$ cat protein-v2.pdb   # PDB, C-alpha atoms and all ligand atoms
ATOM      1  CA  MET A  14     -11.737 -64.108-145.130
ATOM      2  CA  ALA A  15      -8.166 -64.066-143.855
ATOM      3  CA  ARG A  16      -5.374 -62.033-145.389
ATOM      4  CA  ILE A  17      -2.809 -64.446-146.820
ATOM      5  CA  ILE A  18       0.713 -63.707-145.619
ATOM      6  CA  SER A  19       3.192 -64.463-148.376
ATOM      7  CA  GLY A  20       6.537 -65.593-146.998
ATOM      8  CA  THR A  21       7.696 -65.673-150.601
ATOM      9  CA  ASP A  22       7.073 -61.935-151.045
ATOM     10  CA  ILE A  23       8.643 -60.997-147.699
ATOM     11  CA  SER A  24      11.628 -63.225-148.502
ATOM     12  CA  ARG A  25      12.151 -61.563-151.859
ATOM     13  CA  GLU A  26      12.662 -58.186-150.196
ATOM     14  CA  ILE A  27      14.862 -59.487-147.392
ATOM     15  CA  ARG A  28      16.989 -61.534-149.801
ATOM     16  CA  ALA A  29      17.597 -58.426-151.906
ATOM     17  CA  GLY A  30      19.125 -56.827-148.785
ATOM     18  CA  ILE A  31      21.153 -59.974-148.099
ATOM     19  CA  ALA A  32      22.482 -59.914-151.682
ATOM     20  CA  GLU A  33      23.692 -56.349-151.065
ATOM     21  CA  GLY A  34      25.433 -57.480-147.871
ATOM     22  CA  VAL A  35      27.075 -60.347-149.745
ATOM     23  CA  ALA A  36      28.292 -57.964-152.456
ATOM     24  CA  ALA A  37      29.718 -55.595-149.820
ATOM     25  CA  LEU A  38      31.686 -58.432-148.203
ATOM     26  CA  GLY A  39      32.873 -59.424-151.666
ATOM     27  CA  GLU A  40      34.670 -56.068-151.826
ATOM     28  CA  GLU A  41      36.697 -57.248-148.821
ATOM     29  CA  GLY A  42      37.476 -60.512-150.599
ATOM     30  CA  ILE A  43      35.061 -62.570-148.498
ATOM     31  CA  LYS A  44      32.506 -64.811-150.199
ATOM     32  CA  PRO A  45      29.988 -65.969-147.575
ATOM     33  CA  THR A  46      29.680 -69.729-148.061
ATOM     34  CA  LEU A  47      27.315 -72.294-146.585
ATOM     35  CA  ALA A  48      28.175 -75.980-146.372
ATOM     36  CA  ALA A  49      25.397 -78.534-146.086
ATOM     37  CA  VAL A  50      26.068 -82.026-144.803
ATOM     38  CA  LEU A  51      23.591 -84.548-146.178
ATOM     39  CA  VAL A  52      23.826 -88.092-144.880
ATOM     40  CA  GLY A  53      21.978 -90.714-146.924
ATOM     41  CA  SER A  54      19.408 -90.103-149.626
ATOM     42  CA  ASP A  55      16.126 -89.136-147.956
ATOM     43  CA  PRO A  56      14.245 -87.558-150.888
ATOM     44  CA  ALA A  57      12.737 -84.713-148.830
ATOM     45  CA  SER A  58      16.145 -83.842-147.327
ATOM     46  CA  GLU A  59      17.713 -83.902-150.787
ATOM     47  CA  VAL A  60      15.134 -81.367-151.973
ATOM     48  CA  TYR A  61      15.644 -79.120-148.924
ATOM     49  CA  VAL A  62      19.431 -79.145-149.327
ATOM     50  CA  ARG A  63      19.148 -78.431-153.039
ATOM     51  CA  ASN A  64      16.791 -75.506-152.341
ATOM     52  CA  LYS A  65      19.175 -74.066-149.761
ATOM     53  CA  ALA A  66      22.137 -74.330-152.167
ATOM     54  CA  GLN A  67      20.117 -72.662-154.915
ATOM     55  CA  ALA A  68      19.043 -69.869-152.544
ATOM     56  CA  CYS A  69      22.716 -69.266-151.652
ATOM     57  CA  GLN A  70      23.675 -68.954-155.297
ATOM     58  CA  ARG A  71      20.840 -66.513-155.999
ATOM     59  CA  VAL A  72      22.118 -64.045-153.410
ATOM     60  CA  GLY A  73      25.713 -64.474-154.568
ATOM     61  CA  MET A  74      26.811 -66.756-151.724
ATOM     62  CA  GLY A  75      28.881 -69.862-152.186
ATOM     63  CA  SER A  76      27.497 -73.252-151.292
ATOM     64  CA  ARG A  77      29.015 -76.641-150.836
ATOM     65  CA  THR A  78      27.152 -79.904-150.288
ATOM     66  CA  LEU A  79      28.786 -82.927-148.711
ATOM     67  CA  ASN A  80      26.854 -86.032-149.759
ATOM     68  CA  LEU A  81      27.773 -88.778-147.322
ATOM     69  CA  PRO A  82      26.681 -92.434-147.397
ATOM     70  CA  GLU A  83      23.729 -93.596-145.285
ATOM     71  CA  ASP A  84      25.906 -96.131-143.410
ATOM     72  CA  ILE A  85      28.722 -93.713-142.537
ATOM     73  CA  GLU A  86      30.440 -94.357-139.192
ATOM     74  CA  VAL A  87      30.099 -91.608-136.622
ATOM     75  CA  ASP A  88      33.860 -90.977-136.491
ATOM     76  CA  GLU A  89      33.978 -90.478-140.220
ATOM     77  CA  LEU A  90      31.114 -87.981-140.015
ATOM     78  CA  PHE A  91      32.914 -86.152-137.193
ATOM     79  CA  GLY A  92      35.999 -86.001-139.431
ATOM     80  CA  ALA A  93      33.970 -84.434-142.243
ATOM     81  CA  ILE A  94      32.498 -81.818-139.884
ATOM     82  CA  ASP A  95      35.946 -81.094-138.409
ATOM     83  CA  GLY A  96      37.192 -80.452-141.938
ATOM     84  CA  LEU A  97      34.466 -77.859-142.524
ATOM     85  CA  ASN A  98      35.072 -76.318-139.092
ATOM     86  CA  ALA A  99      38.716 -75.767-139.993
ATOM     87  CA  ASP A 100      38.084 -74.538-143.557
ATOM     88  CA  PRO A 101      38.382 -70.737-143.730
ATOM     89  CA  GLN A 102      36.348 -70.678-146.981
ATOM     90  CA  ILE A 103      33.295 -72.031-145.128
ATOM     91  CA  HIS A 104      31.352 -69.615-142.905
ATOM     92  CA  GLY A 105      28.196 -71.578-142.136
ATOM     93  CA  ILE A 106      27.603 -75.303-141.659
ATOM     94  CA  LEU A 107      24.338 -77.172-141.440
ATOM     95  CA  VAL A 108      23.802 -80.849-140.891
ATOM     96  CA  GLN A 109      20.510 -81.728-142.543
ATOM     97  CA  LEU A 110      18.120 -83.508-140.191
ATOM     98  CA  PRO A 111      16.871 -86.148-139.686
ATOM     99  CA  LEU A 112      20.052 -88.207-139.559
ATOM    100  CA  PRO A 113      20.015 -91.999-140.010
ATOM    101  CA  ARG A 114      19.065 -93.687-136.736
ATOM    102  CA  HIS A 115      22.510 -95.136-135.960
ATOM    103  CA  LEU A 116      24.011 -91.644-135.640
ATOM    104  CA  PRO A 117      23.835 -89.835-132.267
ATOM    105  CA  TYR A 118      22.345 -86.592-133.579
ATOM    106  CA  LYS A 119      23.030 -84.526-130.442
ATOM    107  CA  GLN A 120      26.733 -85.388-130.543
ATOM    108  CA  VAL A 121      26.795 -84.663-134.265
ATOM    109  CA  LEU A 122      25.213 -81.226-133.804
ATOM    110  CA  ASN A 123      27.636 -80.501-130.945
ATOM    111  CA  ARG A 124      30.520 -81.169-133.307
ATOM    112  CA  VAL A 125      29.725 -78.135-135.474
ATOM    113  CA  ALA A 126      31.877 -75.162-134.410
ATOM    114  CA  PRO A 127      29.449 -72.751-132.678
ATOM    115  CA  HIS A 128      30.639 -69.755-134.719
ATOM    116  CA  LYS A 129      29.704 -71.619-137.929
ATOM    117  CA  ASP A 130      26.500 -73.142-136.539
ATOM    118  CA  VAL A 131      24.084 -71.074-138.635
ATOM    119  CA  ASP A 132      21.259 -73.503-137.798
ATOM    120  CA  GLY A 133      21.605 -72.446-134.144
ATOM    121  CA  PHE A 134      21.341 -76.048-132.925
ATOM    122  CA  HIS A 135      24.592 -76.218-130.935
ATOM    123  CA  PRO A 136      23.845 -76.011-127.180
ATOM    124  CA  LEU A 137      26.017 -72.878-126.918
ATOM    125  CA  ASN A 138      23.870 -71.041-129.468
ATOM    126  CA  ALA A 139      20.650 -72.472-128.018
ATOM    127  CA  GLY A 140      21.744 -71.206-124.587
ATOM    128  CA  LEU A 141      22.804 -67.782-125.850
ATOM    129  CA  SER A 142      19.520 -67.186-127.609
ATOM    130  CA  PHE A 143      17.650 -68.483-124.541
ATOM    131  CA  VAL A 144      19.320 -65.840-122.375
ATOM    132  CA  GLY A 145      18.712 -63.193-125.055
ATOM    133  CA  ASP A 146      22.352 -62.727-126.070
ATOM    134  CA  PRO A 147      22.520 -61.611-129.730
ATOM    135  CA  GLU A 148      25.847 -63.448-130.189
ATOM    136  CA  GLY A 149      23.880 -66.673-130.470
ATOM    137  CA  PHE A 150      22.609 -67.819-133.841
ATOM    138  CA  VAL A 151      18.837 -68.166-133.675
ATOM    139  CA  PRO A 152      17.444 -71.193-135.539
ATOM    140  CA  ALA A 153      16.092 -70.157-138.917
ATOM    141  CA  THR A 154      12.450 -71.198-138.587
ATOM    142  CA  PRO A 155      11.655 -69.310-135.349
ATOM    143  CA  ALA A 156      13.707 -66.360-136.620
ATOM    144  CA  GLY A 157      11.634 -66.426-139.824
ATOM    145  CA  ILE A 158       8.370 -66.540-137.873
ATOM    146  CA  MET A 159       9.425 -63.526-135.784
ATOM    147  CA  LYS A 160      10.323 -61.706-138.996
ATOM    148  CA  ILE A 161       6.884 -62.465-140.483
ATOM    149  CA  LEU A 162       5.154 -61.028-137.381
ATOM    150  CA  GLU A 163       7.377 -57.942-137.475
ATOM    151  CA  TRP A 164       6.981 -57.437-141.223
ATOM    152  CA  GLU A 165       3.212 -57.817-141.064
ATOM    153  CA  LYS A 166       3.060 -55.508-138.009
ATOM    154  CA  VAL A 167       1.200 -58.138-135.995
ATOM    155  CA  PRO A 168       0.887 -56.768-132.453
ATOM    156  CA  THR A 169       2.607 -59.047-129.935
ATOM    157  CA  HIS A 170       2.917 -56.805-126.864
ATOM    158  CA  GLY A 171       0.816 -58.400-124.108
ATOM    159  CA  LYS A 172      -0.895 -60.641-126.660
ATOM    160  CA  HIS A 173      -1.436 -64.328-126.170
ATOM    161  CA  ALA A 174       0.708 -66.456-128.453
ATOM    162  CA  VAL A 175      -0.132 -70.151-128.378
ATOM    163  CA  ILE A 176       2.449 -72.537-129.823
ATOM    164  CA  VAL A 177       1.522 -76.103-130.741
ATOM    165  CA  GLY A 178       4.580 -78.357-130.635
ATOM    166  CA  ARG A 179       7.630 -78.444-128.355
ATOM    167  CA  SER A 180      10.516 -79.034-130.750
ATOM    168  CA  LEU A 181      14.042 -77.841-130.177
ATOM    169  CA  ILE A 182      14.148 -76.534-133.741
ATOM    170  CA  VAL A 183      11.018 -74.382-133.737
ATOM    171  CA  SER A 184       8.817 -74.178-130.655
ATOM    172  CA  LYS A 185      11.203 -73.862-127.720
ATOM    173  CA  PRO A 186      13.344 -71.084-129.252
ATOM    174  CA  LEU A 187      10.203 -69.392-130.575
ATOM    175  CA  ALA A 188       8.667 -69.333-127.100
ATOM    176  CA  SER A 189      11.695 -67.534-125.689
ATOM    177  CA  LEU A 190      11.802 -65.056-128.599
ATOM    178  CA  LEU A 191       8.108 -64.193-128.250
ATOM    179  CA  MET A 192       8.229 -63.657-124.499
ATOM    180  CA  ALA A 193      11.475 -61.633-124.571
ATOM    181  CA  PRO A 194      11.529 -57.908-123.828
ATOM    182  CA  GLY A 195      10.478 -56.276-127.085
ATOM    183  CA  PRO A 196       7.855 -58.684-128.388
ATOM    184  CA  ASN A 197       6.505 -59.066-124.805
ATOM    185  CA  ALA A 198       3.969 -61.745-125.698
ATOM    186  CA  THR A 199       2.342 -64.060-123.194
ATOM    187  CA  VAL A 200       3.202 -67.558-124.377
ATOM    188  CA  THR A 201       1.456 -70.892-123.959
ATOM    189  CA  LEU A 202       3.365 -73.907-125.255
ATOM    190  CA  THR A 203       1.294 -77.010-125.935
ATOM    191  CA  HIS A 204       2.246 -80.489-127.156
ATOM    192  CA  LYS A 205       0.853 -83.913-127.893
ATOM    193  CA  TYR A 206       0.004 -84.648-124.252
ATOM    194  CA  THR A 207      -1.847 -81.360-123.700
ATOM    195  CA  VAL A 208      -5.375 -82.096-122.470
ATOM    196  CA  ASP A 209      -8.085 -80.378-124.545
ATOM    197  CA  LEU A 210      -5.778 -78.692-127.048
ATOM    198  CA  ALA A 211      -8.666 -76.687-128.546
ATOM    199  CA  SER A 212      -9.310 -74.919-125.218
ATOM    200  CA  HIS A 213      -5.802 -73.438-125.538
ATOM    201  CA  THR A 214      -5.759 -72.718-129.268
ATOM    202  CA  ARG A 215      -9.107 -70.896-128.993
ATOM    203  CA  MET A 216      -7.501 -68.386-126.615
ATOM    204  CA  ALA A 217      -4.735 -67.471-129.059
ATOM    205  CA  ASP A 218      -4.322 -64.008-130.568
ATOM    206  CA  ILE A 219      -1.411 -65.537-132.482
ATOM    207  CA  LEU A 220      -1.415 -69.279-133.139
ATOM    208  CA  ILE A 221       1.782 -70.972-134.292
ATOM    209  CA  VAL A 222       1.642 -74.617-135.225
ATOM    210  CA  ALA A 223       4.773 -76.709-135.761
ATOM    211  CA  VAL A 224       3.874 -80.347-135.354
ATOM    212  CA  GLY A 225       3.822 -82.205-138.669
ATOM    213  CA  LYS A 226       0.192 -83.383-138.618
ATOM    214  CA  PRO A 227      -1.765 -82.174-141.636
ATOM    215  CA  GLY A 228      -5.240 -80.900-140.749
ATOM    216  CA  LEU A 229      -4.569 -80.816-136.978
ATOM    217  CA  ILE A 230      -5.983 -77.295-136.551
ATOM    218  CA  THR A 231      -9.552 -76.861-137.740
ATOM    219  CA  ALA A 232     -11.821 -73.807-137.895
ATOM    220  CA  ASP A 233     -13.611 -74.672-134.621
ATOM    221  CA  MET A 234     -10.252 -74.519-132.777
ATOM    222  CA  VAL A 235      -9.501 -70.834-133.436
ATOM    223  CA  LYS A 236     -11.060 -67.564-132.396
ATOM    224  CA  PRO A 237     -12.172 -64.969-134.936
ATOM    225  CA  GLY A 238      -9.395 -62.513-135.786
ATOM    226  CA  VAL A 239      -6.483 -64.785-134.865
ATOM    227  CA  VAL A 240      -3.207 -64.610-136.809
ATOM    228  CA  VAL A 241      -2.196 -68.159-137.783
ATOM    229  CA  ILE A 242       1.366 -69.184-138.615
ATOM    230  CA  ASP A 243       1.628 -72.695-140.032
ATOM    231  CA  ALA A 244       5.129 -74.173-139.724
ATOM    232  CA  GLY A 245       4.051 -77.720-140.611
ATOM    233  CA  THR A 246       5.952 -79.400-143.438
ATOM    234  CA  THR A 247       4.672 -82.897-144.092
ATOM    235  CA  ARG A 248       5.404 -84.553-147.411
ATOM    236  CA  VAL A 249       2.122 -85.982-148.609
ATOM    237  CA  VAL A 250       2.025 -88.415-151.513
ATOM    238  CA  ASP A 251      -0.625 -87.579-154.078
ATOM    239  CA  PRO A 252      -0.722 -90.412-156.656
ATOM    240  CA  GLU A 253      -2.846 -88.328-159.035
ATOM    241  CA  GLY A 254      -0.791 -85.173-158.682
ATOM    242  CA  LYS A 255       2.127 -83.815-160.674
ATOM    243  CA  PRO A 256       4.569 -83.868-158.961
ATOM    244  CA  ARG A 257       3.471 -86.945-157.007
ATOM    245  CA  TYR A 258       3.917 -85.330-153.624
ATOM    246  CA  ARG A 259       3.154 -82.001-152.024
ATOM    247  CA  ILE A 260       4.085 -80.301-148.759
ATOM    248  CA  ALA A 261       1.154 -79.976-146.347
ATOM    249  CA  GLY A 262       0.933 -77.728-143.296
ATOM    250  CA  ASP A 263      -0.740 -78.505-139.961
ATOM    251  CA  VAL A 264      -3.691 -76.168-140.459
ATOM    252  CA  ASP A 265      -6.892 -76.799-142.406
ATOM    253  CA  PHE A 266      -6.242 -73.748-144.553
ATOM    254  CA  GLU A 267      -9.677 -73.555-146.225
ATOM    255  CA  GLY A 268     -11.648 -73.748-142.987
ATOM    256  CA  VAL A 269      -9.364 -71.688-140.743
ATOM    257  CA  SER A 270      -8.989 -68.869-143.270
ATOM    258  CA  GLU A 271     -12.749 -68.274-142.938
ATOM    259  CA  VAL A 272     -12.215 -67.347-139.266
ATOM    260  CA  ALA A 273      -8.675 -65.960-138.982
ATOM    261  CA  ALA A 274      -7.568 -62.377-139.689
ATOM    262  CA  ALA A 275      -4.358 -63.531-141.384
ATOM    263  CA  ILE A 276      -2.740 -66.863-142.191
ATOM    264  CA  THR A 277       0.439 -68.221-143.761
ATOM    265  CA  PRO A 278      -0.034 -70.754-146.575
ATOM    266  CA  VAL A 279       1.921 -73.975-147.065
ATOM    267  CA  PRO A 280       3.883 -73.855-149.246
ATOM    268  CA  GLY A 281       4.874 -70.198-149.582
ATOM    269  CA  GLY A 282       4.630 -69.128-145.945
ATOM    270  CA  VAL A 283       7.165 -70.103-143.281
ATOM    271  CA  GLY A 284       9.282 -72.290-145.636
ATOM    272  CA  PRO A 285      10.852 -69.529-147.729
ATOM    273  CA  MET A 286      11.393 -67.444-144.590
ATOM    274  CA  THR A 287      13.354 -70.297-143.010
ATOM    275  CA  ILE A 288      15.768 -70.374-145.928
ATOM    276  CA  THR A 289      15.986 -66.570-145.883
ATOM    277  CA  MET A 290      16.996 -66.516-142.217
ATOM    278  CA  LEU A 291      19.546 -69.255-142.837
ATOM    279  CA  LEU A 292      21.079 -67.003-145.503
ATOM    280  CA  SER A 293      20.968 -64.109-143.059
ATOM    281  CA  ASN A 294      22.778 -66.152-140.383
ATOM    282  CA  THR A 295      25.398 -67.231-142.931
ATOM    283  CA  LEU A 296      25.994 -63.632-143.968
ATOM    284  CA  GLU A 297      26.328 -62.719-140.296
ATOM    285  CA  ALA A 298      28.813 -65.567-139.706
ATOM    286  CA  ALA A 299      30.879 -64.332-142.658
ATOM    287  CA  ARG A 300      30.732 -60.715-141.431
ATOM    288  CA  ARG A 301      32.161 -61.841-138.127
ATOM    289  CA  THR A 302      35.265 -63.151-139.905
ATOM    290  CA  SER A 303      35.927 -59.757-141.486
ATOM    291  CA  GLY A 304      37.821 -58.698-138.358
ATOM    292  CA  ALA A 305      36.026 -55.348-138.187
ATOM    293  CA  THR A 306      34.755 -56.151-134.699
ATOM    294  CA  SER A 307      35.813 -58.239-131.720
ATOM    295  CA  SER A 308      34.156 -61.104-129.889
ATOM    296  CA  THR A 309      32.885 -61.012-126.340
ATOM    297  CA  LEU A 310      32.815 -64.797-126.008
ATOM    298  CA  PRO A 311      35.702 -66.828-124.605
ATOM    299  CA  GLU A 312      37.784 -68.388-127.386
ATOM    300  CA  ALA A 313      37.502 -71.774-125.680
ATOM    301  CA  LEU A 314      33.735 -71.714-126.209
ATOM    302  CA  VAL A 315      33.684 -70.694-129.826
ATOM    303  CA  GLY A 316      36.744 -72.439-131.205
ATOM    304  CA  SER A 317      39.548 -70.868-133.154
ATOM    305  CA  GLY A 318      39.178 -68.406-135.987
ATOM    306  CA  LYS A 319      38.580 -64.705-136.133
ATOM    307  CA  ARG A 320      35.113 -63.676-135.179
ATOM    308  CA  GLY A 321      33.354 -60.721-133.661
ATOM    309  CA  ARG A 322      30.172 -59.267-132.290
ATOM    310  CA  ARG A 323      27.067 -59.106-134.386
ATOM    311  CA  SER A 324      27.294 -55.964-136.467
ATOM    312  CA  SER A 325      24.553 -53.409-136.192
ATOM    313  CA  SER A 326      23.329 -53.590-139.788
TER     314      SER A 326
HETATM  315  N1  LIG A 401      15.366 -80.554-140.923
HETATM  316  C1  LIG A 401      14.167 -79.959-140.721
HETATM  317  N2  LIG A 401      14.332 -78.644-140.445
HETATM  318  C2  LIG A 401      15.648 -78.419-140.467
HETATM  319  C3  LIG A 401      16.437 -77.256-140.258
HETATM  320  O1  LIG A 401      15.951 -76.156-139.981
HETATM  321  N3  LIG A 401      17.773 -77.432-140.361
HETATM  322  C4  LIG A 401      18.325 -78.629-140.638
HETATM  323  N4  LIG A 401      19.657 -78.714-140.694
HETATM  324  N5  LIG A 401      17.645 -79.716-140.857
HETATM  325  C5  LIG A 401      16.299 -79.613-140.759
END
$ encode --input "protein-v2.pdb" --output "structure tokens"
Amino acid sequence: MARIISGTDISREIRAGIAEGVAALGEEGIKPTLAAVLVGSDPASEVYVRNKAQACQRVGMGSRTLNLPEDIEVDELFGAIDGLNADPQIHGILVQLPLPRHLPYKQVLNRVAPHKDVDGFHPLNAGLSFVGDPEGFVPATPAGIMKILEWEKVPTHGKHAVIVGRSLIVSKPLASLLMAPGPNATVTLTHKYTVDLASHTRMADILIVAVGKPGLITADMVKPGVVVIDAGTTRVVDPEGKPRYRIAGDVDFEGVSEVAAAITPVPGGVGPMTITMLLSNTLEAARRTSGATSSTLPEALVGSGKRGRRSSS
């Protein structure tokens, strides 16, 4: 029977450290603050944004939520993001995805000033983390997955990590983090057109699934002793349940936990770690405004405002 990896427990410890970092910056008169931009009223997005704001408050950070109408024009949304970019009280900005279909999401994400882009979705940050430059903000979910593996002392060196999914938010950055010097994993990235998915997943020492299809990975698709990380978050309506919906992962937890060595549950696995790493990135963004250190990136790339290298703590 697999060991259950609690992202909630790991998060509790990391967030205690973040709260200390927030308090230390407070002594310098800086209150790390995250702004969330929520367009429309998708119920799942509303819950995620509320959870992120609550998590900020619990570690002593500030949070601001911009609720914008579903039918907002793109220029108006750009104006709102520009306002946050220019606001010295705001250190991190996230635009909650998905956006309504009429909005060009790539252009919207590009509008966020890279030094406040704590989601790590701006192409500058995506590129920096791809080349292994620690100045780049790493997206929170892959950062959280790496933290889980580190915390749980899961060996990665030379091991075969198989990722299911090819998203910009999770899988692509995760692949580059896992294969980087340090973790040194061998990575296979699979997606919905992969022929005979099970032949790949069965070879995994570490299996990470980030697709959004509940029950996709079954016990016959994994090898004994695998470590399974389930990053699926599908909102499933349960008419009998209270509340009437629940979040389901991509892995058949009951079946796969009979075979795996360790597994993350949904909820309580990757989800809390994602929020924790978002807090960590926001703290880092705020630290960079403290002026204690200097930047190595050209000002033209990062926009105006004081910023500096990632501190060592
Ligand atoms: N929607 C789903 N995941 C994410 C995330 O990590 N960040 C943002 N901004 N929106 C999301």
$ atom_distance --input "protein-v2.pdb" --atom1 "atom CA of Asn123 of chain A" --atom2 "atom CA of Leu137 of chain A"
8.8 Å
$ resolve_selection --input "protein-v2.pdb" --expression "the PyMOL selection byres (((not hetatm)) within 7 of (chain A and resi 401))" --output "list in words"
Leu107, Val108, Gln109, Leu110, Pro111, Asp132, Pro152, Ala153, Thr154 and Ile182 of chain A
$ write_last_selection --input "protein-v2.pdb" --atoms "C-alpha atoms" --output "PDB file, in the frame of the given file"
ATOM      1  CA  LEU A 107      24.338 -77.172-141.440  1.00  0.00           C
ATOM      2  CA  VAL A 108      23.802 -80.849-140.891  1.00  0.00           C
ATOM      3  CA  GLN A 109      20.510 -81.728-142.543  1.00  0.00           C
ATOM      4  CA  LEU A 110      18.120 -83.508-140.191  1.00  0.00           C
ATOM      5  CA  PRO A 111      16.871 -86.148-139.686  1.00  0.00           C
ATOM      6  CA  ASP A 132      21.259 -73.503-137.798  1.00  0.00           C
ATOM      7  CA  PRO A 152      17.444 -71.193-135.539  1.00  0.00           C
ATOM      8  CA  ALA A 153      16.092 -70.157-138.917  1.00  0.00           C
ATOM      9  CA  THR A 154      12.450 -71.198-138.587  1.00  0.00           C
ATOM     10  CA  ILE A 182      14.148 -76.534-133.741  1.00  0.00           C
TER      11      ILE A 182
END
$ closest_atom_pairs --input "protein-v2.pdb" --of "segment 114-168 of chain A" --to "segment 216-232 of chain A" --cutoff "12 Å" --atoms "only C-alpha atoms" --output "JSON lines"
{"residue": "A:Thr154", "atom": "CA", "partner": "A:Ala223", "partner_atom": "CA", "distance": 9.9}
{"residue": "A:Pro155", "atom": "CA", "partner": "A:Ile221", "partner_atom": "CA", "distance": 10.1}
{"residue": "A:Ile158", "atom": "CA", "partner": "A:Ile221", "partner_atom": "CA", "distance": 8.7}
{"residue": "A:Met159", "atom": "CA", "partner": "A:Ile221", "partner_atom": "CA", "distance": 10.8}
{"residue": "A:Ile161", "atom": "CA", "partner": "A:Ile221", "partner_atom": "CA", "distance": 11.7}
{"residue": "A:Leu162", "atom": "CA", "partner": "A:Ile219", "partner_atom": "CA", "distance": 9.4}
{"residue": "A:Val167", "atom": "CA", "partner": "A:Ile219", "partner_atom": "CA", "distance": 8.6}
{"residue": "A:Pro168", "atom": "CA", "partner": "A:Ile219", "partner_atom": "CA", "distance": 9.1}
$ residues_around --input "protein-v2.pdb" --residues "Arg77 of chain A" --least-positions-apart "2" --cutoff "7 Å" --atoms "all atoms listed in the file" --output "list in words"
Leu47, Ala48, Ala49, Gly75 and Leu79 of chain A
$ atom_distance --input "protein-v2.pdb" --atom1 "atom CA of His213 of chain A" --atom2 "atom CA of Ala198 of chain A"
15.2 Å
$ closest_residue --input "protein-v2.pdb" --among "A:Ser76, A:Ser189, A:Thr214, A:Ser142" --to "Val177 of chain A" --atoms "all atoms listed in the file"
A:Thr214
$ axis_aligned_box --input "protein-v2.pdb" --around "segment 136-150 of chain A" --padding-each-side "6 Å" --output "JSON"
{"center_x": 21.8, "center_y": -68.8, "center_z": -128.1, "size_x": 20.4, "size_y": 26.4, "size_z": 23.5}
$ resolve_selection --input "protein-v2.pdb" --expression "the PyMOL selection byres (((chain A and resi 36-43) around 9) and not hetatm)" --output "list in words"
Ile31, Ala32, Glu33, Gly34, Val35, Lys44, Pro45, Thr46, Val72, Gly73, Met74, Gln102, Leu296, Ala299, Arg300, Thr302 and Ser303 of chain A
$ atom_distance --input "protein-v2.pdb" --atom1 "atom CA of Ala273 of chain A" --atom2 "atom CA of Ile176 of chain A"
15.8 Å
$ residues_around --input "protein-v2.pdb" --residues "Ser270 of chain A" --least-positions-apart "3" --cutoff "6 Å" --atoms "only C-alpha atoms" --output "list in words"
Met14, Ala15, Phe266, Glu267 and Ala273 of chain A
$ write_last_selection --input "protein-v2.pdb" --atoms "C-alpha atoms" --output "tab-separated table (two decimals), in the frame of the given file"
chain	number	residue	atom	x	y	z
A	14	MET	CA	-11.74	-64.11	-145.13
A	15	ALA	CA	-8.17	-64.07	-143.85
A	266	PHE	CA	-6.24	-73.75	-144.55
A	267	GLU	CA	-9.68	-73.56	-146.22
A	273	ALA	CA	-8.68	-65.96	-138.98
$ closest_atom_pairs --input "protein-v2.pdb" --of "segment 214-291 of chain A" --to "segment 54-59 of chain A" --cutoff "12 Å" --atoms "only C-alpha atoms" --output "CSV"
residue,atom,partner,partner_atom,distance
A:Thr246,CA,A:Ala57,CA,10.2
A:Thr247,CA,A:Ala57,CA,9.5
A:Arg248,CA,A:Ala57,CA,7.5
A:Val249,CA,A:Ala57,CA,10.7
A:Val250,CA,A:Ala57,CA,11.6
A:Tyr258,CA,A:Ala57,CA,10.1
A:Arg259,CA,A:Ala57,CA,10.5
A:Ile260,CA,A:Ala57,CA,9.7
$ closest_residue --input "protein-v2.pdb" --among "A:Gly96, A:Pro113, A:Pro101, A:Gly195" --to "Gly53 of chain A" --atoms "all atoms listed in the file"
A:Pro113
